[in-house]
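As provided, run.txt (compact mmCIF, N, CA and C atoms) reads as follows.
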# COMPACT_ATOMS: atom_id res chain seq x y z
N MET Z 11 -16.53 19.68 -0.16
CA MET Z 11 -15.25 18.98 -0.11
C MET Z 11 -14.14 20.00 0.14
N THR Z 12 -13.28 19.70 1.09
CA THR Z 12 -12.15 20.56 1.42
C THR Z 12 -10.94 20.15 0.59
N ILE Z 13 -10.37 21.11 -0.15
CA ILE Z 13 -9.21 20.84 -0.99
C ILE Z 13 -8.00 21.55 -0.40
N GLY Z 14 -6.91 20.78 -0.29
CA GLY Z 14 -5.64 21.34 0.16
C GLY Z 14 -4.61 21.25 -0.94
N TYR Z 15 -3.63 22.16 -0.87
CA TYR Z 15 -2.58 22.21 -1.89
C TYR Z 15 -1.24 22.42 -1.22
N THR Z 16 -0.24 21.75 -1.72
CA THR Z 16 1.14 21.97 -1.30
C THR Z 16 2.04 21.76 -2.50
N THR Z 17 3.25 22.27 -2.41
CA THR Z 17 4.18 22.14 -3.53
C THR Z 17 5.57 21.77 -3.03
N GLY Z 18 6.38 21.29 -3.94
CA GLY Z 18 7.76 21.00 -3.59
C GLY Z 18 8.49 20.42 -4.79
N VAL Z 19 9.79 20.31 -4.64
CA VAL Z 19 10.60 19.67 -5.67
C VAL Z 19 10.48 18.15 -5.52
N TYR Z 20 10.49 17.68 -4.27
CA TYR Z 20 10.39 16.25 -3.95
C TYR Z 20 11.52 15.46 -4.59
N ASP Z 21 12.72 16.05 -4.58
CA ASP Z 21 13.91 15.37 -5.06
C ASP Z 21 14.44 14.52 -3.92
N LEU Z 22 14.87 13.33 -4.21
CA LEU Z 22 15.34 12.40 -3.17
C LEU Z 22 14.30 12.30 -2.06
N PHE Z 23 13.13 11.81 -2.43
CA PHE Z 23 11.97 11.72 -1.54
C PHE Z 23 12.37 11.07 -0.22
N HIS Z 24 11.99 11.71 0.88
CA HIS Z 24 12.38 11.21 2.20
C HIS Z 24 11.22 11.31 3.20
N ILE Z 25 11.45 10.85 4.42
CA ILE Z 25 10.41 10.78 5.45
C ILE Z 25 9.83 12.16 5.78
N GLY Z 26 10.59 13.21 5.66
CA GLY Z 26 10.07 14.55 5.89
C GLY Z 26 8.99 14.91 4.88
N HIS Z 27 9.22 14.53 3.61
CA HIS Z 27 8.21 14.75 2.58
C HIS Z 27 6.94 13.96 2.92
N LEU Z 28 7.14 12.70 3.30
CA LEU Z 28 6.00 11.85 3.62
C LEU Z 28 5.21 12.40 4.81
N ASN Z 29 5.92 12.86 5.83
CA ASN Z 29 5.24 13.44 7.01
C ASN Z 29 4.39 14.64 6.62
N LEU Z 30 4.93 15.52 5.78
CA LEU Z 30 4.16 16.69 5.36
C LEU Z 30 2.91 16.28 4.60
N LEU Z 31 3.04 15.35 3.67
CA LEU Z 31 1.89 14.92 2.88
C LEU Z 31 0.84 14.21 3.75
N LYS Z 32 1.30 13.40 4.68
CA LYS Z 32 0.38 12.69 5.59
C LYS Z 32 -0.38 13.69 6.46
N ASN Z 33 0.33 14.65 7.04
CA ASN Z 33 -0.31 15.66 7.88
C ASN Z 33 -1.28 16.52 7.08
N ALA Z 34 -0.88 16.88 5.87
CA ALA Z 34 -1.74 17.70 5.02
C ALA Z 34 -3.03 16.95 4.68
N LYS Z 35 -2.90 15.70 4.30
CA LYS Z 35 -4.08 14.90 3.93
C LYS Z 35 -5.04 14.79 5.12
N GLY Z 36 -4.51 14.78 6.33
CA GLY Z 36 -5.35 14.71 7.52
C GLY Z 36 -6.21 15.94 7.73
N MET Z 37 -5.92 17.02 7.01
CA MET Z 37 -6.67 18.27 7.17
C MET Z 37 -7.58 18.60 5.99
N CYS Z 38 -7.64 17.72 5.01
CA CYS Z 38 -8.49 18.01 3.85
C CYS Z 38 -9.05 16.72 3.27
N ASP Z 39 -10.07 16.87 2.46
CA ASP Z 39 -10.67 15.71 1.78
C ASP Z 39 -9.87 15.31 0.55
N LYS Z 40 -9.34 16.31 -0.15
CA LYS Z 40 -8.58 16.08 -1.37
C LYS Z 40 -7.27 16.86 -1.28
N LEU Z 41 -6.16 16.16 -1.44
CA LEU Z 41 -4.84 16.80 -1.41
C LEU Z 41 -4.25 16.80 -2.81
N ILE Z 42 -3.98 18.01 -3.29
CA ILE Z 42 -3.35 18.19 -4.59
C ILE Z 42 -1.92 18.68 -4.34
N VAL Z 43 -0.96 18.05 -4.99
CA VAL Z 43 0.45 18.37 -4.78
C VAL Z 43 1.07 18.87 -6.08
N GLY Z 44 1.64 20.08 -6.01
CA GLY Z 44 2.39 20.62 -7.13
C GLY Z 44 3.83 20.14 -7.05
N VAL Z 45 4.31 19.56 -8.13
CA VAL Z 45 5.70 19.09 -8.19
C VAL Z 45 6.45 20.03 -9.14
N THR Z 46 7.51 20.63 -8.63
CA THR Z 46 8.26 21.64 -9.38
C THR Z 46 8.93 21.03 -10.61
N VAL Z 47 8.67 21.64 -11.78
CA VAL Z 47 9.29 21.17 -13.02
C VAL Z 47 10.78 21.50 -13.01
N ASP Z 48 11.54 20.74 -13.79
CA ASP Z 48 13.00 20.90 -13.82
C ASP Z 48 13.43 22.33 -14.17
N GLU Z 49 12.70 22.97 -15.10
CA GLU Z 49 13.06 24.33 -15.51
C GLU Z 49 12.94 25.32 -14.36
N LEU Z 50 11.94 25.17 -13.51
CA LEU Z 50 11.78 26.06 -12.36
C LEU Z 50 12.83 25.77 -11.29
N VAL Z 51 13.18 24.50 -11.13
CA VAL Z 51 14.26 24.15 -10.19
C VAL Z 51 15.55 24.84 -10.64
N ALA Z 52 15.84 24.79 -11.94
CA ALA Z 52 17.04 25.43 -12.50
C ALA Z 52 16.99 26.94 -12.32
N TYR Z 53 15.79 27.52 -12.51
CA TYR Z 53 15.61 28.96 -12.34
C TYR Z 53 15.95 29.38 -10.91
N LYS Z 54 15.65 28.51 -9.96
CA LYS Z 54 15.94 28.79 -8.55
C LYS Z 54 17.41 28.53 -8.21
N GLY Z 55 18.21 28.19 -9.24
CA GLY Z 55 19.65 27.99 -9.05
C GLY Z 55 20.03 26.63 -8.50
N LYS Z 56 19.15 25.66 -8.67
CA LYS Z 56 19.42 24.32 -8.16
C LYS Z 56 19.33 23.32 -9.30
N HIS Z 57 19.60 22.06 -8.98
CA HIS Z 57 19.51 21.00 -9.97
C HIS Z 57 18.92 19.77 -9.29
N ALA Z 58 17.82 19.27 -9.83
CA ALA Z 58 17.22 18.06 -9.27
C ALA Z 58 18.01 16.83 -9.70
N MET Z 59 18.24 15.93 -8.77
CA MET Z 59 18.93 14.67 -9.08
C MET Z 59 18.00 13.73 -9.86
N ILE Z 60 16.73 13.78 -9.50
CA ILE Z 60 15.73 12.90 -10.11
C ILE Z 60 14.94 13.71 -11.13
N PRO Z 61 14.76 13.22 -12.36
CA PRO Z 61 14.02 13.97 -13.38
C PRO Z 61 12.56 14.20 -12.97
N PHE Z 62 11.98 15.29 -13.46
CA PHE Z 62 10.61 15.66 -13.13
C PHE Z 62 9.62 14.50 -13.32
N GLU Z 63 9.68 13.83 -14.45
CA GLU Z 63 8.72 12.76 -14.75
C GLU Z 63 8.74 11.68 -13.68
N ASP Z 64 9.92 11.37 -13.15
CA ASP Z 64 10.03 10.37 -12.09
C ASP Z 64 9.53 10.93 -10.76
N ARG Z 65 9.88 12.19 -10.47
CA ARG Z 65 9.45 12.80 -9.21
C ARG Z 65 7.93 12.90 -9.12
N ILE Z 66 7.27 13.31 -10.21
CA ILE Z 66 5.81 13.45 -10.16
C ILE Z 66 5.14 12.08 -10.05
N GLU Z 67 5.73 11.07 -10.66
CA GLU Z 67 5.16 9.71 -10.55
C GLU Z 67 5.31 9.18 -9.13
N ILE Z 68 6.43 9.45 -8.49
CA ILE Z 68 6.62 9.05 -7.09
C ILE Z 68 5.56 9.72 -6.21
N VAL Z 69 5.41 11.03 -6.36
CA VAL Z 69 4.44 11.78 -5.54
C VAL Z 69 3.02 11.29 -5.83
N ARG Z 70 2.70 11.10 -7.09
CA ARG Z 70 1.37 10.64 -7.49
C ARG Z 70 1.04 9.28 -6.85
N SER Z 71 2.05 8.47 -6.58
CA SER Z 71 1.86 7.12 -6.05
C SER Z 71 1.71 7.07 -4.53
N ILE Z 72 1.92 8.19 -3.86
CA ILE Z 72 1.79 8.22 -2.40
C ILE Z 72 0.31 8.16 -2.04
N LYS Z 73 -0.04 7.31 -1.08
CA LYS Z 73 -1.46 7.10 -0.77
C LYS Z 73 -2.17 8.33 -0.23
N TYR Z 74 -1.45 9.30 0.30
CA TYR Z 74 -2.07 10.51 0.84
C TYR Z 74 -2.37 11.55 -0.24
N VAL Z 75 -1.83 11.35 -1.43
CA VAL Z 75 -1.95 12.32 -2.53
C VAL Z 75 -3.09 11.91 -3.45
N ASP Z 76 -4.03 12.83 -3.65
CA ASP Z 76 -5.15 12.56 -4.54
C ASP Z 76 -4.85 12.96 -5.98
N ALA Z 77 -4.00 13.95 -6.16
CA ALA Z 77 -3.60 14.38 -7.51
C ALA Z 77 -2.26 15.09 -7.42
N ALA Z 78 -1.42 14.87 -8.43
CA ALA Z 78 -0.14 15.58 -8.54
C ALA Z 78 -0.15 16.34 -9.85
N VAL Z 79 0.26 17.62 -9.77
CA VAL Z 79 0.26 18.49 -10.95
C VAL Z 79 1.62 19.17 -11.08
N PRO Z 80 2.01 19.52 -12.31
CA PRO Z 80 3.28 20.24 -12.48
C PRO Z 80 3.18 21.64 -11.88
N GLN Z 81 4.25 22.10 -11.25
CA GLN Z 81 4.35 23.47 -10.75
C GLN Z 81 5.33 24.20 -11.68
N TYR Z 82 4.79 25.12 -12.49
CA TYR Z 82 5.59 25.83 -13.48
C TYR Z 82 6.11 27.17 -12.98
N ASP Z 83 5.51 27.71 -11.91
CA ASP Z 83 5.95 29.00 -11.39
C ASP Z 83 5.74 29.02 -9.88
N MET Z 84 6.11 30.13 -9.25
CA MET Z 84 6.05 30.23 -7.79
C MET Z 84 4.74 30.84 -7.30
N ASP Z 85 3.79 31.06 -8.18
CA ASP Z 85 2.53 31.71 -7.83
C ASP Z 85 1.55 30.72 -7.21
N LYS Z 86 1.70 30.51 -5.91
CA LYS Z 86 0.87 29.55 -5.21
C LYS Z 86 -0.57 30.04 -5.04
N LEU Z 87 -0.78 31.34 -4.95
CA LEU Z 87 -2.12 31.87 -4.79
C LEU Z 87 -2.98 31.58 -6.02
N THR Z 88 -2.44 31.84 -7.19
CA THR Z 88 -3.17 31.56 -8.43
C THR Z 88 -3.46 30.06 -8.54
N ALA Z 89 -2.49 29.24 -8.17
CA ALA Z 89 -2.69 27.78 -8.23
C ALA Z 89 -3.82 27.36 -7.29
N CYS Z 90 -3.82 27.88 -6.07
CA CYS Z 90 -4.87 27.54 -5.11
C CYS Z 90 -6.25 27.94 -5.63
N LYS Z 91 -6.33 29.15 -6.17
CA LYS Z 91 -7.61 29.63 -6.70
C LYS Z 91 -8.07 28.75 -7.87
N LYS Z 92 -7.17 28.42 -8.77
CA LYS Z 92 -7.50 27.60 -9.94
C LYS Z 92 -7.97 26.20 -9.52
N LEU Z 93 -7.34 25.65 -8.47
CA LEU Z 93 -7.65 24.29 -8.04
C LEU Z 93 -8.80 24.23 -7.03
N GLY Z 94 -9.23 25.40 -6.54
CA GLY Z 94 -10.29 25.44 -5.55
C GLY Z 94 -9.84 25.08 -4.14
N ALA Z 95 -8.55 25.25 -3.87
CA ALA Z 95 -7.99 24.90 -2.56
C ALA Z 95 -8.34 25.96 -1.52
N THR Z 96 -8.69 25.49 -0.33
CA THR Z 96 -8.95 26.40 0.79
C THR Z 96 -7.83 26.34 1.83
N PHE Z 97 -6.87 25.44 1.61
CA PHE Z 97 -5.69 25.35 2.46
C PHE Z 97 -4.44 25.28 1.59
N LEU Z 98 -3.39 25.99 2.01
CA LEU Z 98 -2.06 25.84 1.44
C LEU Z 98 -1.17 25.34 2.56
N PHE Z 99 -0.52 24.21 2.36
CA PHE Z 99 0.36 23.62 3.37
C PHE Z 99 1.81 23.89 3.00
N VAL Z 100 2.58 24.43 3.97
CA VAL Z 100 4.00 24.72 3.75
C VAL Z 100 4.79 24.36 5.00
N GLY Z 101 6.11 24.31 4.85
CA GLY Z 101 6.99 24.05 5.98
C GLY Z 101 7.10 25.26 6.89
N ASP Z 102 7.36 25.01 8.16
CA ASP Z 102 7.39 26.10 9.14
C ASP Z 102 8.65 26.97 9.07
N ASP Z 103 9.56 26.65 8.16
CA ASP Z 103 10.72 27.54 8.01
C ASP Z 103 10.30 28.88 7.43
N TRP Z 104 9.10 28.97 6.86
CA TRP Z 104 8.59 30.23 6.32
C TRP Z 104 7.79 31.01 7.36
N TYR Z 105 7.42 30.37 8.45
CA TYR Z 105 6.53 30.98 9.44
C TYR Z 105 7.10 32.30 9.97
N ALA Z 106 6.24 33.31 10.03
CA ALA Z 106 6.55 34.63 10.61
C ALA Z 106 7.58 35.43 9.82
N THR Z 107 7.94 34.97 8.62
CA THR Z 107 8.82 35.81 7.80
C THR Z 107 7.97 36.93 7.20
N GLU Z 108 8.60 38.02 6.90
CA GLU Z 108 7.88 39.18 6.35
C GLU Z 108 7.12 38.80 5.08
N LYS Z 109 7.78 38.08 4.21
CA LYS Z 109 7.19 37.67 2.93
C LYS Z 109 5.93 36.82 3.16
N TRP Z 110 6.00 35.86 4.06
CA TRP Z 110 4.87 34.97 4.28
C TRP Z 110 3.77 35.62 5.12
N GLN Z 111 4.10 36.58 5.93
CA GLN Z 111 3.05 37.33 6.64
C GLN Z 111 2.20 38.10 5.63
N GLU Z 112 2.86 38.63 4.60
CA GLU Z 112 2.14 39.32 3.54
C GLU Z 112 1.29 38.32 2.73
N TYR Z 113 1.87 37.15 2.44
CA TYR Z 113 1.12 36.10 1.74
C TYR Z 113 -0.14 35.72 2.52
N GLU Z 114 0.00 35.60 3.85
CA GLU Z 114 -1.14 35.22 4.68
C GLU Z 114 -2.31 36.19 4.48
N LYS Z 115 -2.02 37.47 4.39
CA LYS Z 115 -3.07 38.47 4.16
C LYS Z 115 -3.71 38.27 2.78
N GLN Z 116 -2.87 38.08 1.76
CA GLN Z 116 -3.37 37.90 0.39
C GLN Z 116 -4.22 36.64 0.28
N PHE Z 117 -3.76 35.55 0.88
CA PHE Z 117 -4.49 34.28 0.82
C PHE Z 117 -5.79 34.38 1.62
N ALA Z 118 -5.74 35.00 2.80
CA ALA Z 118 -6.94 35.16 3.64
C ALA Z 118 -8.02 35.94 2.90
N ALA Z 119 -7.62 36.95 2.14
CA ALA Z 119 -8.58 37.75 1.37
C ALA Z 119 -9.31 36.89 0.34
N GLU Z 120 -8.70 35.77 -0.03
CA GLU Z 120 -9.31 34.85 -1.00
C GLU Z 120 -9.96 33.64 -0.31
N GLY Z 121 -9.97 33.65 1.03
CA GLY Z 121 -10.58 32.54 1.78
C GLY Z 121 -9.70 31.31 1.88
N ILE Z 122 -8.39 31.51 1.74
CA ILE Z 122 -7.44 30.39 1.79
C ILE Z 122 -6.56 30.54 3.03
N LYS Z 123 -6.46 29.47 3.82
CA LYS Z 123 -5.65 29.49 5.03
C LYS Z 123 -4.31 28.82 4.77
N ILE Z 124 -3.23 29.47 5.20
CA ILE Z 124 -1.90 28.87 5.12
C ILE Z 124 -1.65 28.11 6.41
N VAL Z 125 -1.30 26.84 6.28
CA VAL Z 125 -1.00 25.99 7.43
C VAL Z 125 0.48 25.63 7.38
N TYR Z 126 1.17 25.88 8.48
CA TYR Z 126 2.60 25.59 8.57
C TYR Z 126 2.82 24.28 9.31
N PHE Z 127 3.57 23.38 8.72
CA PHE Z 127 3.93 22.13 9.37
C PHE Z 127 5.40 22.13 9.73
N PRO Z 128 5.75 21.58 10.90
CA PRO Z 128 7.16 21.52 11.28
C PRO Z 128 7.94 20.57 10.38
N TYR Z 129 9.15 20.97 10.06
CA TYR Z 129 10.03 20.09 9.30
C TYR Z 129 10.44 18.93 10.19
N THR Z 130 10.65 17.77 9.57
CA THR Z 130 11.15 16.61 10.30
C THR Z 130 12.61 16.87 10.62
N LYS Z 131 12.93 16.87 11.89
CA LYS Z 131 14.28 17.21 12.33
C LYS Z 131 15.33 16.27 11.74
N GLY Z 132 16.42 16.87 11.28
CA GLY Z 132 17.56 16.10 10.80
C GLY Z 132 17.43 15.52 9.40
N VAL Z 133 16.32 15.83 8.72
CA VAL Z 133 16.12 15.27 7.38
C VAL Z 133 15.85 16.38 6.38
N SER Z 134 16.64 16.40 5.30
CA SER Z 134 16.38 17.32 4.20
C SER Z 134 17.09 16.79 2.96
N SER Z 135 16.56 17.15 1.80
CA SER Z 135 17.20 16.73 0.55
C SER Z 135 18.61 17.30 0.45
N THR Z 136 18.80 18.52 0.97
CA THR Z 136 20.12 19.14 0.94
C THR Z 136 21.11 18.30 1.74
N LYS Z 137 20.72 17.87 2.93
CA LYS Z 137 21.61 17.05 3.77
C LYS Z 137 21.89 15.70 3.11
N ILE Z 138 20.88 15.11 2.48
CA ILE Z 138 21.08 13.84 1.79
C ILE Z 138 22.05 14.02 0.63
N ASN Z 139 21.89 15.09 -0.15
CA ASN Z 139 22.82 15.37 -1.26
C ASN Z 139 24.24 15.57 -0.76
N GLU Z 140 24.40 16.31 0.33
CA GLU Z 140 25.73 16.54 0.90
C GLU Z 140 26.36 15.23 1.35
N ALA Z 141 25.58 14.38 1.99
CA ALA Z 141 26.09 13.09 2.45
C ALA Z 141 26.50 12.21 1.27
N LEU Z 142 25.68 12.20 0.23
CA LEU Z 142 26.01 11.41 -0.96
C LEU Z 142 27.28 11.92 -1.62
N SER Z 143 27.42 13.23 -1.69
CA SER Z 143 28.61 13.83 -2.29
C SER Z 143 29.86 13.42 -1.51
N THR Z 144 29.78 13.46 -0.19
CA THR Z 144 30.91 13.07 0.66
C THR Z 144 31.27 11.60 0.44
N VAL Z 145 30.26 10.74 0.40
CA VAL Z 145 30.50 9.31 0.19
C VAL Z 145 31.11 9.06 -1.17
N ARG Z 146 30.60 9.74 -2.18
CA ARG Z 146 31.13 9.55 -3.53
C ARG Z 146 32.58 10.00 -3.64
N LYS Z 147 32.90 11.12 -3.02
CA LYS Z 147 34.29 11.59 -3.03
C LYS Z 147 35.20 10.60 -2.33
N HIS Z 148 34.72 10.05 -1.21
CA HIS Z 148 35.49 9.08 -0.44
C HIS Z 148 35.71 7.82 -1.26
N ASP Z 149 34.65 7.35 -1.96
CA ASP Z 149 34.76 6.15 -2.79
C ASP Z 149 35.74 6.36 -3.93
N LEU Z 150 35.75 7.56 -4.54
CA LEU Z 150 36.68 7.84 -5.62
C LEU Z 150 38.12 7.85 -5.11
N THR Z 151 38.33 8.34 -3.91
CA THR Z 151 39.65 8.38 -3.30
C THR Z 151 40.15 6.95 -3.07
N ASP Z 152 39.27 6.07 -2.64
CA ASP Z 152 39.63 4.67 -2.38
C ASP Z 152 40.03 3.94 -3.65
N LEU Z 153 39.50 4.37 -4.80
CA LEU Z 153 39.79 3.71 -6.06
C LEU Z 153 41.18 4.05 -6.58
N LYS Z 154 41.74 5.14 -6.10
CA LYS Z 154 43.05 5.57 -6.62
C LYS Z 154 44.18 4.83 -5.98
Can you turn what I pasted into structure tokens?
Amino acid sequence: MTIGYTTGVYDLFHIGHLNLLKNAKGMCDKLIVGVTVDELVAYKGKHAMIPFEDRIEIVRSIKYVDAAVPQYDMDKLTACKKLGATFLFVGDDWYATEKWQEYEKQFAAEGIKIVYFPYTKGVSSTKINEALSTVRKHDLTDLK
């Protein structure tokens, strides 16, 4: 059985998230998804709009996902080894960066292939948050 692993915050779940999970599932028999816990999101200097418990339940309910697990740290190699994953799926914004070229060597030494998927153009949680913020500010202005 081929096991794949991917991780994310999955805040404000959108079509880009779904595309990545669908594509990943197409390359493995079992897809395990790490969902970043709120404490790790905060450590990275961000804040999730949706609480962890809700985000993991949303991800767990996606038909392409066989299991969803909490992601407590950024150590994807240890997670892959622990879960028996032979594929790690990530977005292509990391492709060819110095950091990820080094990761590719480390993962390959463990028999794990990193697969890069293209981001869905024009869609990101950051853009959705920015749009919501703009709308909310506009609505507050209208109330005055």
Residues within 7 Å of Ala77 of chain Z, only N, CA and C atoms, excluding chain neighbours under 5 positions, as number ranges by chain: Z: 40-44, 69-70
Determine which residues of chain Z DSSP labels as helix (DSSP H, G or I) from the backbone of this structure, then write them out as a ChimeraX atom specification. /Z:25-35,48-53,62-70,86-93,102-104,108-119,135-153
Looking at Z:Ile124, Z:Cys38, Z:Val79, Z:Leu50, which one is nearest to Gly14 of chain Z, with distances taken over all atoms listed in the file?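 Among Z:Ile124, Z:Cys38, Z:Val79, Z:Leu50, it is Z:Cys38 that comes nearest to Gly14 of chain Z.
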Expected residue set, 7 Å radius at (2.9, 30.1, 13.2), only C-alpha atoms, as a list in words: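 Output: Tyr105, Ala106 and Tyr126 of chain Z.
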Written selection (N, CA and C atoms) as a compact mmCIF listing (two decimals), keeping the file's coordinate frame:
# COMPACT_ATOMS: atom_id res chain seq x y z
N TYR Z 105 7.42 30.37 8.45
CA TYR Z 105 6.53 30.98 9.44
C TYR Z 105 7.10 32.30 9.97
N ALA Z 106 6.24 33.31 10.03
CA ALA Z 106 6.55 34.63 10.61
C ALA Z 106 7.58 35.43 9.82
N TYR Z 126 1.17 25.88 8.48
CA TYR Z 126 2.60 25.59 8.57
C TYR Z 126 2.82 24.28 9.31
Which of these, Z:Ala119, Z:Leu22, Z:Ile13, Z:Met59, has the shortest distance to Asp39 of chain Z once you count all atoms listed in the file?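 The shortest atom-to-atom distance to Asp39 of chain Z comes from Z:Ile13.
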By how many Å are atom CA of His24 of chain Z and atom CA of Lys123 of chain Z apart? 25.8 Å
Considering only C-alpha atoms, state which residue in the set Z:Met11, Z:Val19, Z:Ile66, Z:Ile60 is at the smallest distance from Met84 of chain Z. Z:Val19
Can you work out the spacing between atom CA of Thr96 of chain Z and atom CA of Ile122 of chain Z in Å, to one decimal? 4.4 Å
From the options Z:Asp48, Z:Asp21, Z:Glu120, Z:Asp64, which residue's atoms come nearest to Tyr82 of chain Z, counting only N, CA and C atoms?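 Looking only at the distances to Tyr82 of chain Z, the closest residue turns out to be Z:Asp48.
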Please compute the atom C of Val125 of chain Z-atom CA of Leu98 of chain Z distance, one decimal, in Å.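 Result for atom C of Val125 of chain Z versus atom CA of Leu98 of chain Z: 6.5 Å, one decimal.
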Looking at Z:Gly18, Z:Pro128, Z:Gly26, Z:Pro80, which one is nearest to Asp102 of chain Z, with distances taken over only C-alpha atoms?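 Of all the options, Z:Pro128 lies closest to Asp102 of chain Z.
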Could you check the closest approach to Asp83 of chain Z for each of Z:Val47, Z:Leu30, Z:Ile25, Z:Ile68 and tell me which residue wins, using all atoms listed in the file? Z:Val47
Could you tell me, as a compact mmCIF listing (two decimals) with N, CA and C atoms, in the frame of the given file, which residues of chain Z DSSP assigns to strand (DSSP E or B) when given the backbone?
# COMPACT_ATOMS: atom_id res chain seq x y z
N ILE Z 13 -10.37 21.11 -0.15
CA ILE Z 13 -9.21 20.84 -0.99
C ILE Z 13 -8.00 21.55 -0.40
N GLY Z 14 -6.91 20.78 -0.29
CA GLY Z 14 -5.64 21.34 0.16
C GLY Z 14 -4.61 21.25 -0.94
N TYR Z 15 -3.63 22.16 -0.87
CA TYR Z 15 -2.58 22.21 -1.89
C TYR Z 15 -1.24 22.42 -1.22
N THR Z 16 -0.24 21.75 -1.72
CA THR Z 16 1.14 21.97 -1.30
C THR Z 16 2.04 21.76 -2.50
N THR Z 17 3.25 22.27 -2.41
CA THR Z 17 4.18 22.14 -3.53
C THR Z 17 5.57 21.77 -3.03
N GLY Z 18 6.38 21.29 -3.94
CA GLY Z 18 7.76 21.00 -3.59
C GLY Z 18 8.49 20.42 -4.79
N LYS Z 40 -9.34 16.31 -0.15
CA LYS Z 40 -8.58 16.08 -1.37
C LYS Z 40 -7.27 16.86 -1.28
N LEU Z 41 -6.16 16.16 -1.44
CA LEU Z 41 -4.84 16.80 -1.41
C LEU Z 41 -4.25 16.80 -2.81
N ILE Z 42 -3.98 18.01 -3.29
CA ILE Z 42 -3.35 18.19 -4.59
C ILE Z 42 -1.92 18.68 -4.34
N VAL Z 43 -0.96 18.05 -4.99
CA VAL Z 43 0.45 18.37 -4.78
C VAL Z 43 1.07 18.87 -6.08
N GLY Z 44 1.64 20.08 -6.01
CA GLY Z 44 2.39 20.62 -7.13
C GLY Z 44 3.83 20.14 -7.05
N VAL Z 45 4.31 19.56 -8.13
CA VAL Z 45 5.70 19.09 -8.19
C VAL Z 45 6.45 20.03 -9.14
N THR Z 46 7.51 20.63 -8.63
CA THR Z 46 8.26 21.64 -9.38
C THR Z 46 8.93 21.03 -10.61
N ALA Z 77 -4.00 13.95 -6.16
CA ALA Z 77 -3.60 14.38 -7.51
C ALA Z 77 -2.26 15.09 -7.42
N ALA Z 78 -1.42 14.87 -8.43
CA ALA Z 78 -0.14 15.58 -8.54
C ALA Z 78 -0.15 16.34 -9.85
N VAL Z 79 0.26 17.62 -9.77
CA VAL Z 79 0.26 18.49 -10.95
C VAL Z 79 1.62 19.17 -11.08
N PRO Z 80 2.01 19.52 -12.31
CA PRO Z 80 3.28 20.24 -12.48
C PRO Z 80 3.18 21.64 -11.88
N GLN Z 81 4.25 22.10 -11.25
CA GLN Z 81 4.35 23.47 -10.75
C GLN Z 81 5.33 24.20 -11.68
N PHE Z 97 -6.87 25.44 1.61
CA PHE Z 97 -5.69 25.35 2.46
C PHE Z 97 -4.44 25.28 1.59
N LEU Z 98 -3.39 25.99 2.01
CA LEU Z 98 -2.06 25.84 1.44
C LEU Z 98 -1.17 25.34 2.56
N PHE Z 99 -0.52 24.21 2.36
CA PHE Z 99 0.36 23.62 3.37
C PHE Z 99 1.81 23.89 3.00
N VAL Z 100 2.58 24.43 3.97
CA VAL Z 100 4.00 24.72 3.75
C VAL Z 100 4.79 24.36 5.00
N GLY Z 101 6.11 24.31 4.85
CA GLY Z 101 6.99 24.05 5.98
C GLY Z 101 7.10 25.26 6.89
N LYS Z 123 -6.46 29.47 3.82
CA LYS Z 123 -5.65 29.49 5.03
C LYS Z 123 -4.31 28.82 4.77
N ILE Z 124 -3.23 29.47 5.20
CA ILE Z 124 -1.90 28.87 5.12
C ILE Z 124 -1.65 28.11 6.41
N VAL Z 125 -1.30 26.84 6.28
CA VAL Z 125 -1.00 25.99 7.43
C VAL Z 125 0.48 25.63 7.38
N TYR Z 126 1.17 25.88 8.48
CA TYR Z 126 2.60 25.59 8.57
C TYR Z 126 2.82 24.28 9.31
N PHE Z 127 3.57 23.38 8.72
CA PHE Z 127 3.93 22.13 9.37
C PHE Z 127 5.40 22.13 9.73
